[in-house]
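Step one of this worksheet: look at the structure below.
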Amino acid sequence: MVNNNLKRFTCSRISLIFGISLVLLPVIPSFAQQKAAKVSAVDTFKLADRFIARNKYRKAVKLYKVYQRNHPKDVNAPWKLGQVRLWQSRNKQSDAAYSRAMKLDPKNDNLHLNYIHSLLDMGKLSRAETLLGQMELEGKDYPNMALLRARMNYYKGDFRQAAAYMRKNLNEEPGNGESEELNDQIEFARSPLVSLQAAYLSDNQPLAAVISTLKAEAFLGKYSTLYLTADEYHFTENKIADAPWIRIGDKLFFSQIGLHLNIGGGIVQYPVKNEIGWSGNLSLNQRISAHFDADLSVDHVPYLDTKTSIDTNISATRVAAMLNWHMAGWSAQAAFMNSTYETNNNVYGAYAWGLAPLIKFKTGKLSVGYSISYSNSSESSYKPVLGVSQIVANYATNPNIEGLYNPYFTPKDLFINSALLTFNVNLSKAVNFTLSGDVGYGSISNPYLYLDVVKPGDTVVKKGYSTENFVPVNASAAFNFNLGKTWVLSVKYIYHNTYFFTSNYGSIGIQKSFQHRKKKWNDDGKSSTFLRLIKEIENDIQGLYKCKSQTELVSAVGKVRSKLVTIRNAQKSKEVLPNSDEAGSVQERYDAVDDMISELDAVDLNDYTEGSKKDKKLWLTEKQYELSSITYGGAR
C-alpha cells in the first residue's frame with residue numbers, strides 16, 4: 001500500500017544536477033537578455049548546481065536569493081528555488097517560490113508541469129489535480145501529463161487507474177527512467193504478494209521458539225487490499241509446545257482525507273490444553289500535514305512472551321497512540337501505550353525518540369538520535385517460585401527467595417534513556433543494508449521477596465522494591481536482496497539486552513510478487529484493426545476540447561460511442577479457445593469497453609452550461625487514458 005503516509009519521489013542524479021528533467025523541460029527560458037547578465041546567470045546556476053549535487057541546499061538557496069534580488073523579472077531563480085526548497089522538505093517556501101515563478105511566466109507549460117509534479121511530492125493532490133485539469137481542458141496533451149496523472153492516482157491508492165495512465169505514457173515515452181521507476185512501483189503495489197519467513201528466538205528466561213510465518217496479500221481496489229497471515233510458534237525450551245495463529249484482514253485507503261485503515265481478526269490455538277482463542281486488530285493512520293501523521297491502534301492478541309505464559313492461556317488488549325514527524329531525513333515519534341490483561345491489570349508506558357542525519361552520501365546515510373521511555377504497571381505479577389512452606393523449610397540455608405514474573409512481565413517505574421545510531425546503505429541496485437543500535441542508561445524499581453511473620457504461626461511472603469541501574473543495549477542488522485523485480489530475499493538479526501533478560505532473534509524470508517503481464521502495443525510491428533480503432537478513439541476524445549457548442553459535443557461523443565460499440569461487438573464475436581489466456585483477455589476487453597459505453601450513455605450532454613461543460617470534458621478525458629489500459633489487456 002500506499003505509505004502511512006505519502007510515498008515520495010526521489011530525484012535522480014541527473015535531475016539533482018540539472019534541476020529539471022530534460023524530458024520534462026526540453027526548452028528553458030533564457031536567464032537574461034543582455035550578454036553580461038547571461039554569463040553571470042550561467043555562472044551562478046552552475047555553482048548552485050554543484051552545491052545541489054553535494055546536497056548543500058542551503059548554499060544553493062543563498063545563490064538563488066541573491067540572483068532573484070538582482071534579476072526580479074527572471075523566472076529561473078524562483079523556479080529553481082522552488083525545487084530546492086522541495087528537496088529541503090520546506091513545502092511552504094517551495095510553494096511560494098513556484099507561485100512567484102508562475103506569476104512571472106504564466107504561459108510556460110514546462111513550469112506548470114514541473115510545479116504540478118512538485119505539488120504531488122508535497123502531498124497537495126487536490127491543487128495538482130486542478131492545475132493539470134486546466135491544462136487538459138485547454139487541449140494540451142504533453143506525454144508527461146499522463147505520467148503526472150499516473151503519479152497522482154498512485155498517491156491516491158488507485159493503482160488500476162494509475163496503471164492505465166502509465167501505459168499511455170510508456171507508449172509515448174519509451175525508455176524514460178522516471179516512467180519506468182514509477183511503473184515498477186505501481187505494478188508492485190497492485191500485484192499479489194506471498195512471503196514466507198522462518199525465525200528463531202531465544203532468551204535466558206529460558207525461552208526458545210521457532211516461528212514460521214506465511215503472508216499473502218491481494219490488491220482488489222483502492223478501498224480494499226485483502227491479506228492473510230499465518231504464524232506457527234514452536235516452543236522448544238522446557239517442553240515442546242505449539243501455538244498456530246491465523247488471521248485475515250483488509251487494508252483500506254481513503255485518499256480524500258488521507259486515512260489508512262487496517263481491520264482484521266483471527267483465531268489462535270494456545271500451547272496448553274489445545275484451547276482456541278480469538279484475536280482482532282484495528283489501526284488507523286491519519287495524515288495531518290506534509291510532515292505529520294498520527295497512528296491509533298487497538299488489538300486483542302495472545303501473550304506468548306514469557307516462559308510462564310506458555311503454560312497459561314493468556315491474552316492482552318493493547319491500545320496505542322502515536323504522533324509521527326518526518327522532514328528532509330529527520331524523523332521523530334512520540335507514543336503512549338496500554339496493555340490490559342484478563343485480570344484487569346494494566347501495563348502502560350510512553351516513549352519519544354528523534355533521529356537526525358549526521359552524514360549523507362551518494363548511496364546512504366548515517367543518522368544519530370536520542371530516545372526516552374517510561375513504563376509502569378497497576379499491579380506487579382512478580383511471584384515466588386516455591387510455596388511458603390517450602391521457602392520456610394529452606395530459609396535457613398537459602399534466605400534469598402527466588403521469584404519470577406508470572407505469567408506476564410510487569411515493570412515498575414522503568415526509565416530508559418538511550419543514544420541512537422542508524423546506518424543505511426545501498427550496496428548496489430539490488431542490495432540494501434541497514435544497521436541500527438542504541439545504548440543508554442536505565443533505572444527500575446526491582447522487586448524482591450522476603451518473609452514476614454504477621455502473627456505467631458502465620459508466616460507470609462511479602463514484596464519490596466529496590467532501585468537498580470543498568471545499561472540497556474539493542475542492536476539490529478538487516479539485508480534485503482532484490483532478486484529481479486519479483487523476488488526479495490531478506491535476512492535480519494536483533495540483539496536485545498535489558499536488566500531482566502538477554503534475547504537473540506534471527507530470521508530469513510523470501511517474498512514473491514506476481515506482477516501483471518506486460519503486452520506490446522503492436523503485434524509484430526503491425527497495427528491491427530482493434531489497435532487502429534483505439535488510436536482513432538483517443539484522437540476523437542482529444543478533439544472534444546475543440547467543441548464550441550452542444551451540437552458539436554453531442555456529435556463528437558456519438559462518434560466515440562459508435563466506435564466503442566464496434567470494438568465491443570468485435571470482442572464478443574471473436575473466436576477463441578475457452579479458458580485460454582486469450583479468452584480471458586478478450587473478456588476483459590469486452591467488459592471494460594461495455595462499462596465505458598454504459599458510463600458514456602449516463603452522461604447528460606443536454607446541459608451545456610459552463611460549469612457542467614468542464615465536468616463532462618474532464619470525465620471524457622479520463623476515458624482517453626482508460627483506453628490505454630484496454631489496449632494492454634483489459635482494465636486490470
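Scheme for the C-alpha cells: letters A, B, ... for chains in order shown; per-chain residue numbers from 1; ligand numbers from 1 in order shown.
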
Would you list the contacts of region 127-131 of chain A as a compact mmCIF listing (two decimals) with N, CA and C atoms, in the first residue's frame, taking every protein, DNA or RNA residue within 12 Å and counting only C-alpha atoms, but skipping same-chain residues closer than 2 positions in sequence?
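The result, written out as around.txt:
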```txt
# COMPACT_ATOMS: atom_id res chain seq x y z
N ASP A 95 6.27 26.21 -2.35
CA ASP A 95 5.04 26.64 -3.00
C ASP A 95 5.07 28.13 -3.30
N MET A 102 5.29 31.39 -11.39
CA MET A 102 4.09 31.28 -12.23
C MET A 102 3.55 32.67 -12.60
N ASP A 109 4.38 26.28 -20.10
CA ASP A 109 3.83 24.95 -19.81
C ASP A 109 4.81 24.07 -19.06
N LEU A 111 7.01 25.01 -16.87
CA LEU A 111 6.93 25.44 -15.48
C LEU A 111 5.68 24.88 -14.82
N HIS A 112 4.55 24.93 -15.51
CA HIS A 112 3.30 24.40 -14.96
C HIS A 112 3.44 22.91 -14.64
N LEU A 113 4.02 22.16 -15.57
CA LEU A 113 4.16 20.72 -15.36
C LEU A 113 5.10 20.41 -14.21
N ASN A 114 6.19 21.16 -14.12
CA ASN A 114 7.13 20.94 -13.02
C ASN A 114 6.51 21.30 -11.68
N TYR A 115 5.72 22.37 -11.66
CA TYR A 115 5.02 22.78 -10.44
C TYR A 115 4.00 21.71 -10.02
N ILE A 116 3.28 21.15 -10.97
CA ILE A 116 2.32 20.09 -10.66
C ILE A 116 3.04 18.88 -10.07
N HIS A 117 4.19 18.52 -10.67
CA HIS A 117 4.99 17.41 -10.13
C HIS A 117 5.39 17.68 -8.69
N SER A 118 5.82 18.90 -8.41
CA SER A 118 6.23 19.26 -7.05
C SER A 118 5.05 19.25 -6.09
N LEU A 119 3.89 19.71 -6.54
CA LEU A 119 2.70 19.67 -5.69
C LEU A 119 2.36 18.24 -5.29
N LEU A 120 2.52 17.31 -6.23
CA LEU A 120 2.27 15.90 -5.91
C LEU A 120 3.25 15.41 -4.86
N ASP A 121 4.52 15.80 -4.98
CA ASP A 121 5.51 15.38 -3.98
C ASP A 121 5.25 16.03 -2.62
N MET A 122 4.61 17.20 -2.62
CA MET A 122 4.25 17.85 -1.36
C MET A 122 3.02 17.21 -0.72
N GLY A 123 2.29 16.42 -1.49
CA GLY A 123 1.05 15.84 -0.98
C GLY A 123 -0.17 16.70 -1.25
N LYS A 124 -0.02 17.76 -2.05
CA LYS A 124 -1.14 18.63 -2.36
C LYS A 124 -1.83 18.12 -3.62
N LEU A 125 -2.51 16.99 -3.48
CA LEU A 125 -3.07 16.31 -4.63
C LEU A 125 -4.22 17.10 -5.27
N GLY A 133 -5.91 19.50 -14.66
CA GLY A 133 -7.18 19.50 -15.36
C GLY A 133 -7.36 20.74 -16.23
N GLN A 134 -6.87 21.88 -15.74
CA GLN A 134 -6.96 23.12 -16.52
C GLN A 134 -6.15 23.00 -17.81
N MET A 135 -4.97 22.39 -17.72
CA MET A 135 -4.15 22.22 -18.91
C MET A 135 -4.83 21.27 -19.90
N GLU A 136 -5.46 20.22 -19.38
CA GLU A 136 -6.15 19.27 -20.26
C GLU A 136 -7.34 19.93 -20.95
N LEU A 137 -8.06 20.78 -20.22
CA LEU A 137 -9.22 21.46 -20.81
C LEU A 137 -8.80 22.46 -21.88
N GLU A 138 -7.56 22.92 -21.81
CA GLU A 138 -7.05 23.83 -22.83
C GLU A 138 -6.57 23.07 -24.07
N MET A 145 2.10 14.48 -19.18
CA MET A 145 0.85 14.71 -18.46
C MET A 145 0.25 13.39 -18.04
N LEU A 148 2.11 12.35 -14.95
CA LEU A 148 1.63 13.05 -13.75
C LEU A 148 0.30 12.48 -13.28
N ARG A 149 -0.59 12.15 -14.22
CA ARG A 149 -1.86 11.51 -13.84
C ARG A 149 -1.60 10.16 -13.18
N ALA A 150 -0.62 9.42 -13.69
CA ALA A 150 -0.28 8.13 -13.09
C ALA A 150 0.23 8.32 -11.67
N ARG A 151 1.13 9.29 -11.48
CA ARG A 151 1.68 9.54 -10.14
C ARG A 151 0.57 9.98 -9.19
N MET A 152 -0.34 10.83 -9.66
CA MET A 152 -1.43 11.31 -8.83
C MET A 152 -2.31 10.16 -8.34
N ASN A 153 -2.69 9.27 -9.25
CA ASN A 153 -3.52 8.15 -8.86
C ASN A 153 -2.77 7.14 -8.00
N TYR A 155 -0.51 7.96 -5.74
CA TYR A 155 -0.56 8.54 -4.40
C TYR A 155 -1.94 8.41 -3.77
N LYS A 156 -2.98 8.40 -4.63
CA LYS A 156 -4.34 8.24 -4.12
C LYS A 156 -4.66 6.79 -3.76
N LYS A 614 -17.23 21.74 -18.29
CA LYS A 614 -15.90 21.36 -17.81
C LYS A 614 -15.92 19.99 -17.16
N ASP A 615 -16.97 19.71 -16.39
CA ASP A 615 -17.07 18.41 -15.73
C ASP A 615 -17.14 17.28 -16.76
N LEU A 618 -13.77 16.77 -18.46
CA LEU A 618 -12.83 16.10 -17.56
C LEU A 618 -13.12 14.60 -17.53
```

- Message: Can you tell me which residues surround region 370-382 of chain A at a distance of at most 8 Å, considering only C-alpha atoms, apart from same-chain residues fewer than 5 positions away, and format the answer as a count of residues only?
- Response: 30

- Tell me, as a ChimeraX atom specification, which residues lie within 10 Å of region 318-332 of chain A, counting only C-alpha atoms; anything in the same chain fewer than 3 positions away does not count. /A:86-91,281-301,315,335-341,346-358,360,365,367-371

- Mind listing the helix (DSSP H, G or I) residues of region 339-569 of chain A, per DSSP on the backbone, as a ChimeraX atom specification? /A:388-394,529-546,550-569

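Relative to CA of Tyr448 (chain A), CA of Ile401 (chain A) is found at 7.8 Å.
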
- Message: Could you list, as a PyMOL selection string, every residue within 7 Å of Val471 (chain A), counting only C-alpha atoms and ignoring same-chain residues fewer than 2 positions away?
- Response: chain A and resi 439-442+473

- Nearest candidate to Ser191 (chain A) (options A:Lys362, A:Lys92, A:Lys512, A:Lys239; using only C-alpha atoms):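 Nearest candidate to Ser191 (chain A) out of A:Lys362, A:Lys92, A:Lys512, A:Lys239: A:Lys512.
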
- Going by DSSP on the backbone, which bits of region 59-207 of chain A are strand (DSSP E or B)? Write them as a list in words, please.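 In region 59-207 of chain A, DSSP puts these residues in strand (DSSP E or B): Leu193, Val194, Ser195, Leu196, Gln197, Ala198, Ala199, Tyr200, Leu201, Ser202, Asp203 and Leu207 of chain A.
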
Would you pick out the contacts of Thr44 (chain A) at 12 Å or less, using only C-alpha atoms, so that residues sharing its chain but fewer than 6 positions from it are not included, and give the list as a compact mmCIF listing (two decimals) with C-alpha atoms, in the first residue's frame?
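File written: around.txt
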```txt
# COMPACT_ATOMS: atom_id res chain seq x y z
CA PHE A 31 18.35 33.66 -17.96
CA ALA A 37 23.86 39.25 -17.36
CA LYS A 38 23.54 35.94 -19.20
CA ARG A 50 27.43 21.95 -7.85
CA PHE A 51 26.09 22.64 -4.36
CA LYS A 59 24.24 27.40 -0.15
CA ALA A 60 22.27 26.95 -3.38
CA VAL A 61 19.30 28.76 -1.83
CA LYS A 62 21.51 31.74 -0.92
CA LEU A 63 22.75 31.99 -4.50
CA TYR A 64 19.23 31.87 -5.92
CA LYS A 65 18.00 34.52 -3.48
CA VAL A 66 20.81 36.90 -4.38
CA TYR A 67 20.23 36.34 -8.08
CA GLN A 68 16.49 36.84 -7.61
CA ASN A 70 19.30 41.34 -8.76
CA ASN A 76 14.52 30.83 -13.40
CA ALA A 77 15.63 31.86 -9.89
CA LYS A 80 14.82 26.56 -9.18
```

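Interatomic distance, CA of Ser598 (chain A) to CA of Leu564 (chain A): 10.6 Å.
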
- Message: Let me make sure I understand: among A:Leu427, A:Ala316, A:Leu449, A:Ala230, which one has the smallest atom-to-atom distance to Val385 (chain A) if we use only C-alpha atoms?
- Response: A:Leu449

- Message: So that I can see what lies close to Pro206 (chain A), please list as a count of residues only the residues with an atom at most 10 Å from it, counting only C-alpha atoms and leaving out residues fewer than 3 positions away in the same chain.
- Response: 9

- Note on the structure: re CA of Thr422 (chain A) and CA of Asp184 (chain A): distance 27.7 Å

- Message: Can you tell me which residues surround Met166 (chain A) at a distance of at most 7 Å, considering only C-alpha atoms, apart from same-chain residues fewer than 6 positions away, and format the answer as number ranges by chain?
- Response: A: 146-147, 150, 183

Store the residues of this selection in a file with N, CA and C atoms, as a PDB file, in the first residue's frame.
```pdb
ATOM      1  N   ALA A 146       0.395  12.360 -18.870  1.00  0.00           N
ATOM      2  CA  ALA A 146      -0.066  11.029 -18.483  1.00  0.00           C
ATOM      3  C   ALA A 146       0.757  10.509 -17.308  1.00  0.00           C
ATOM      4  N   LEU A 147       2.061  10.818 -17.301  1.00  0.00           N
ATOM      5  CA  LEU A 147       2.913  10.419 -16.181  1.00  0.00           C
ATOM      6  C   LEU A 147       2.460  11.078 -14.884  1.00  0.00           C
ATOM      7  N   ALA A 150      -0.624   9.423 -13.694  1.00  0.00           N
ATOM      8  CA  ALA A 150      -0.284   8.131 -13.094  1.00  0.00           C
ATOM      9  C   ALA A 150       0.231   8.317 -11.675  1.00  0.00           C
ATOM     10  N   ASN A 183       6.435   3.016 -12.919  1.00  0.00           N
ATOM     11  CA  ASN A 183       5.678   1.865 -13.390  1.00  0.00           C
ATOM     12  C   ASN A 183       5.974   0.627 -12.547  1.00  0.00           C
TER      13      ASN A 183
END
```
